[in-house]
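See below for the structure under consideration.
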Amino acid sequence: MPRAFLVVMDSVGIGGAPDADLFFNGNVPDTGSNTVGHIAEACARGEAKVGRQGPLMLPNLDNLGLGRAVHLACGVAAPGLGREPLGLWGAATELSRGKDTPSGHWELAGLPVPWDWHYFPDETPAFPDEIVARVCAISGADGILGNCHASGTEIIAQHGAEHVRTGQPICYTSADSVFQIAAHEEHFGLEALLHLCSELAPDLHAMKVGRVIARPFTGDAETGFTRTPNRRDYAIRPPKKLLTNWVQDAGGHVSAIGKIGDIFSMTGIDDVRKGTDSELMRYLKDAVRTAIDGSLTFANFVEFDSLYGHRRDVSGYARALEWFDTEIGDVIAALRPGDLLVLTADHGNDPTWKGTDHTRERVPVLVAGKGGGTLGQIGFTDVAGLVAHHLGIDAPV
């Protein structure tokens with residue numbers, strides 16, 4: 001029986017979203033953003049040289065059609081990419097009205113978001129009084145810090161010391177539909193932070209806020225504060241069945257790698273493995289070796305987005321792409337006859353762009369195990385259909 005591996009390269013957009021003018025980073029529309037294309041251009045100009053040098057080198061992804069997908073998405077070639085593909089390739093356009101993690105992942109799994117998300121205004125304070133009161137009631141704190149749009153690393157640098165002194169959680173948001181809470185793992189307590197987020201999540205979900213995110217950190221004011229890998233996303237539960245349920249209902253096993261379990265609130269998922277991206281890659285390689293027939297392994301590699309996109313670190317993003325390309329070459333080589341590997345993304349996060357938020361872009365769809373050819377311009381939901389068809393299961397419309 002066949003097996004399927006669906007891998008989301010978080011934020012690895014390829015430009016060209018037709019409605020990008022409706023999405024903004026601050027006051028700047030996302031029109032013209034192009035995560036892969038602009039990184040490749042910066043590398044070609046010699047500007048991405050921290051920890052690496054020279055043109056962007058992605059031979060395995062390009063062999064599957066990445067360069068062709070970039071050109072298909074936006075009509076512009078990415079320097080150093082565009083060789084004749086050996087895989088099946090295309091560019092996918094999102095229907096859902098968002099450029100965030102749940103919107104992208106749900107639609108890739110066959111379910112466009114059936115509502116408009118709630119977003120908090122870019123002003124201070126950003127949150128309504130009743131939400132602040134609820135945070136205080138759950139945590140026992142006498143107030144919150146932040147209460148604004150912010151970068152996660154910048155806001156813990158700004159408020160970390162006061163948080164340790166007062167015990168007040170640091171609450172912030174972004175252009176996404178999120179409510180994020182940062183707290184020190186030792187002084188506030190990791191379990192206390194997770195309890196706060198899990199108890200608060202139903203109130204935010206009722207407002208159609210997509211996720212409450214726990215952002216634990218460690219360190220001190222002298223040496224600096226550092227976020228830990230113990231992040232936890234409390235997402236709205238999908239309102240209908242999607243790819244993970246389809247596989248389970250057909251008797252298949254579904255394994256999640258990375259934050260997939262959080263994004264889908266464990267809907268249709270049998271087991272989860274988390275960690276840093278390097279650990280997740282080991283888990284993916286292990287899954288290729290051991291996954292049972294008829295199974296789906298659904299993975300997300302988040303550090304493109306969390307460590308480099310939001311921080312507008314072009315060199316770091318380029319290094320991460322080149323690392324992933326090398327590692328995914330081993331995965332491709334280990335696939336069995338009859339396996340399907342789909343590499344895609346959930347949105348963009350162009351590190352050359354204004355602001356620090358996601359960018360509204362088309363995403364690549366690169367397929368190993370189905371020969372060569374082009375998928376053309378497709379929708380996010382077509383990714384779910386591709387996987388379902390390979391596994392021989394029905395994909396409800």
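Labeling convention for the structure tokens: chains A, B, ... as they appear, residues from 1 per chain, ligands from 1 in order of appearance.
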
Which residues of stretch 164-254 of chain A come within 10 Å of stretch 117-124 of chain A, and what is each one's closest atom pair and distance in Å (one decimal), counting only C-alpha atoms, sorted by chain and residue number, as JSON lines?
```
{"residue": "A:Tyr172", "atom": "CA", "partner": "A:Phe120", "partner_atom": "CA", "distance": 9.6}
{"residue": "A:Thr173", "atom": "CA", "partner": "A:Phe120", "partner_atom": "CA", "distance": 7.2}
{"residue": "A:Ser174", "atom": "CA", "partner": "A:Phe120", "partner_atom": "CA", "distance": 7.8}
{"residue": "A:Ala175", "atom": "CA", "partner": "A:Tyr119", "partner_atom": "CA", "distance": 7.0}
{"residue": "A:Asp176", "atom": "CA", "partner": "A:Tyr119", "partner_atom": "CA", "distance": 6.7}
{"residue": "A:Ser177", "atom": "CA", "partner": "A:Tyr119", "partner_atom": "CA", "distance": 4.9}
{"residue": "A:Val178", "atom": "CA", "partner": "A:Tyr119", "partner_atom": "CA", "distance": 7.4}
{"residue": "A:Phe179", "atom": "CA", "partner": "A:Phe120", "partner_atom": "CA", "distance": 8.6}
{"residue": "A:Leu204", "atom": "CA", "partner": "A:His118", "partner_atom": "CA", "distance": 9.1}
{"residue": "A:His205", "atom": "CA", "partner": "A:His118", "partner_atom": "CA", "distance": 9.3}
{"residue": "A:Ala206", "atom": "CA", "partner": "A:His118", "partner_atom": "CA", "distance": 9.8}
{"residue": "A:Met207", "atom": "CA", "partner": "A:His118", "partner_atom": "CA", "distance": 6.5}
{"residue": "A:Lys208", "atom": "CA", "partner": "A:His118", "partner_atom": "CA", "distance": 5.3}
{"residue": "A:Val209", "atom": "CA", "partner": "A:His118", "partner_atom": "CA", "distance": 5.1}
{"residue": "A:Gly210", "atom": "CA", "partner": "A:Trp117", "partner_atom": "CA", "distance": 6.6}
```

Practice problem: For A:Gly143, list every protein, DNA or RNA residue within 12 Å, evaluated using only C-alpha atoms, and leave out those in the same chain fewer than 3 positions away; present the list as a ChimeraX atom specification. | Solution: /A:129,131-140,146-147,162-163,166-171

Proximity check stretch 76-141 of chain A to stretch 331-344 of chain A, 10 Å, nearest pairs one decimal Å, only C-alpha atoms, as a tab-separated table:
```
residue	atom	partner	partner_atom	distance
A:Leu88	CA	A:Val342	CA	9.3
A:Trp89	CA	A:Val342	CA	9.5
A:Gly90	CA	A:Thr344	CA	9.7
A:Ala91	CA	A:Thr344	CA	9.0
A:Ala92	CA	A:Thr344	CA	8.7
A:Leu108	CA	A:Thr344	CA	8.9
```

Quiz item: Per DSSP on the backbone, what are the helix (DSSP H, G or I) residues of stretch 88-318 of chain A, as a PyMOL selection string?
Solution: chain A and resi 101-108+129-139+152-166+185-206+243-249+260-263+277-290+303-309+314-318

Those same residues, written as a short mmCIF file (atom, residue, chain, number, x, y, z; two decimals), in the first residue's frame with C-alpha atoms?
```cif
data_model
loop_
_atom_site.label_atom_id
_atom_site.label_comp_id
_atom_site.auth_asym_id
_atom_site.auth_seq_id
_atom_site.Cartn_x
_atom_site.Cartn_y
_atom_site.Cartn_z
CA THR A 101 -0.75 29.40 10.12
CA PRO A 102 -4.26 27.98 10.70
CA SER A 103 -5.65 29.40 7.45
CA GLY A 104 -2.82 27.97 5.39
CA HIS A 105 -2.67 24.56 7.07
CA TRP A 106 -6.41 23.99 7.21
CA GLU A 107 -6.77 24.82 3.53
CA LEU A 108 -3.81 22.63 2.57
CA ASP A 129 -10.62 45.14 29.11
CA GLU A 130 -12.57 41.92 29.57
CA ILE A 131 -9.76 39.84 28.05
CA VAL A 132 -7.15 41.54 30.23
CA ALA A 133 -9.35 40.88 33.27
CA ARG A 134 -9.69 37.23 32.28
CA VAL A 135 -5.88 36.85 31.98
CA CYS A 136 -5.46 38.34 35.45
CA ALA A 137 -8.19 36.15 36.94
CA ILE A 138 -6.63 32.96 35.60
CA SER A 139 -3.01 33.85 36.40
CA GLY A 152 8.23 38.31 20.17
CA THR A 153 11.96 38.69 20.69
CA GLU A 154 11.79 42.45 21.06
CA ILE A 155 8.97 42.43 23.59
CA ILE A 156 10.68 40.00 25.96
CA ALA A 157 13.82 42.13 25.76
CA GLN A 158 11.72 45.17 26.60
CA HIS A 159 9.55 43.68 29.36
CA GLY A 160 11.42 40.56 30.53
CA ALA A 161 12.96 42.11 33.63
CA GLU A 162 9.70 43.76 34.70
CA HIS A 163 7.88 40.47 34.13
CA VAL A 164 10.30 38.64 36.42
CA ARG A 165 9.92 41.36 39.05
CA THR A 166 6.12 41.67 38.96
CA GLU A 185 9.88 29.27 32.53
CA GLU A 186 11.35 29.43 36.04
CA HIS A 187 9.97 32.64 37.56
CA PHE A 188 6.43 32.36 36.18
CA GLY A 189 6.55 28.61 35.54
CA LEU A 190 6.09 26.69 32.30
CA GLU A 191 3.10 24.76 33.62
CA ALA A 192 1.51 27.99 34.88
CA LEU A 193 1.94 29.53 31.42
CA LEU A 194 0.43 26.52 29.66
CA HIS A 195 -2.47 26.49 32.13
CA LEU A 196 -3.10 30.19 31.53
CA CYS A 197 -3.16 29.74 27.76
CA SER A 198 -5.35 26.63 27.80
CA GLU A 199 -7.89 28.26 30.13
CA LEU A 200 -7.94 31.49 28.15
CA ALA A 201 -8.17 29.86 24.72
CA PRO A 202 -11.94 29.15 24.72
CA ASP A 203 -12.67 32.84 25.37
CA LEU A 204 -10.49 33.90 22.45
CA HIS A 205 -11.78 31.15 20.18
CA ALA A 206 -15.33 32.38 20.80
CA LEU A 243 -7.33 15.37 5.38
CA THR A 244 -6.22 13.91 8.71
CA ASN A 245 -9.77 12.71 9.41
CA TRP A 246 -10.16 11.34 5.90
CA VAL A 247 -7.06 9.19 6.36
CA GLN A 248 -8.14 7.96 9.79
CA ASP A 249 -11.68 7.20 8.60
CA ILE A 260 0.81 20.13 13.29
CA GLY A 261 -0.93 18.64 16.34
CA ASP A 262 -1.43 22.11 17.84
CA ILE A 263 -2.66 23.64 14.57
CA ASP A 277 13.84 21.74 13.19
CA SER A 278 16.99 19.61 13.31
CA GLU A 279 15.19 17.19 15.63
CA LEU A 280 12.10 17.26 13.43
CA MET A 281 14.21 16.34 10.42
CA ARG A 282 15.47 13.28 12.28
CA TYR A 283 11.85 12.37 13.03
CA LEU A 284 10.91 12.77 9.37
CA LYS A 285 13.77 10.55 8.26
CA ASP A 286 12.72 7.99 10.85
CA ALA A 287 9.13 8.15 9.57
CA VAL A 288 10.28 7.48 6.01
CA ARG A 289 12.06 4.43 7.35
CA THR A 290 9.29 3.08 9.61
CA GLU A 303 12.15 27.91 11.96
CA PHE A 304 12.19 29.51 8.48
CA ASP A 305 9.34 31.62 9.82
CA SER A 306 9.98 31.97 13.55
CA LEU A 307 13.75 32.49 13.55
CA TYR A 308 14.40 34.23 10.24
CA GLY A 309 11.29 35.55 8.48
CA VAL A 314 17.98 37.18 5.04
CA SER A 315 21.25 35.34 5.67
CA GLY A 316 19.65 33.14 8.32
CA TYR A 317 16.72 32.30 6.06
CA ALA A 318 19.10 31.42 3.22
#
```

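In this model, the gap between atom CA of A:Ala20 and atom CA of A:Val76 comes to 16.1 Å.
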
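We find atom CA of A:Thr326 and atom CA of A:Leu66 to be spaced 14.4 Å apart.
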
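The nearest approach to A:His347 among the residues A:Leu56, A:Ala141, A:Val387, A:Ile14, with only C-alpha atoms taken into account, belongs to A:Ile14.
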
Practice problem: Enumerate as a ChimeraX atom specification all residues of stretch 52-168 of chain A assigned to strand (DSSP E) by DSSP on the backbone, naming them with the chain letters and numbers the document uses. | Solution: /A:88-93,145-149

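Atom to atom, atom CA of A:Leu86 and atom CA of A:Leu366 stand 10.1 Å apart.
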
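Residue neighbourhood of A:Phe23, excluding near-sequence residues (fewer than 6 positions): Pro29, Asp30, Thr359 and Arg360 of chain A, at 8 Å, using only C-alpha atoms.
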
File of the preceding selection, N, CA, C and O atoms, as a CSV table (one decimal), in the first residue's frame:
```csv
chain,number,residue,atom,x,y,z
A,29,PRO,N,1.4,47.5,1.5
A,29,PRO,CA,0.8,46.2,1.0
A,29,PRO,C,1.8,45.2,0.7
A,29,PRO,O,3.0,45.5,0.4
A,30,ASP,N,1.3,43.9,0.7
A,30,ASP,CA,2.2,42.8,0.4
A,30,ASP,C,2.5,42.6,-1.1
A,30,ASP,O,3.2,41.7,-1.5
A,359,THR,N,3.7,37.5,4.8
A,359,THR,CA,3.4,38.1,3.5
A,359,THR,C,2.4,37.2,2.7
A,359,THR,O,2.6,36.0,2.8
A,360,ARG,N,1.5,37.8,2.0
A,360,ARG,CA,0.5,37.1,1.3
A,360,ARG,C,1.1,36.6,0.0
A,360,ARG,O,1.3,37.5,-0.9
```
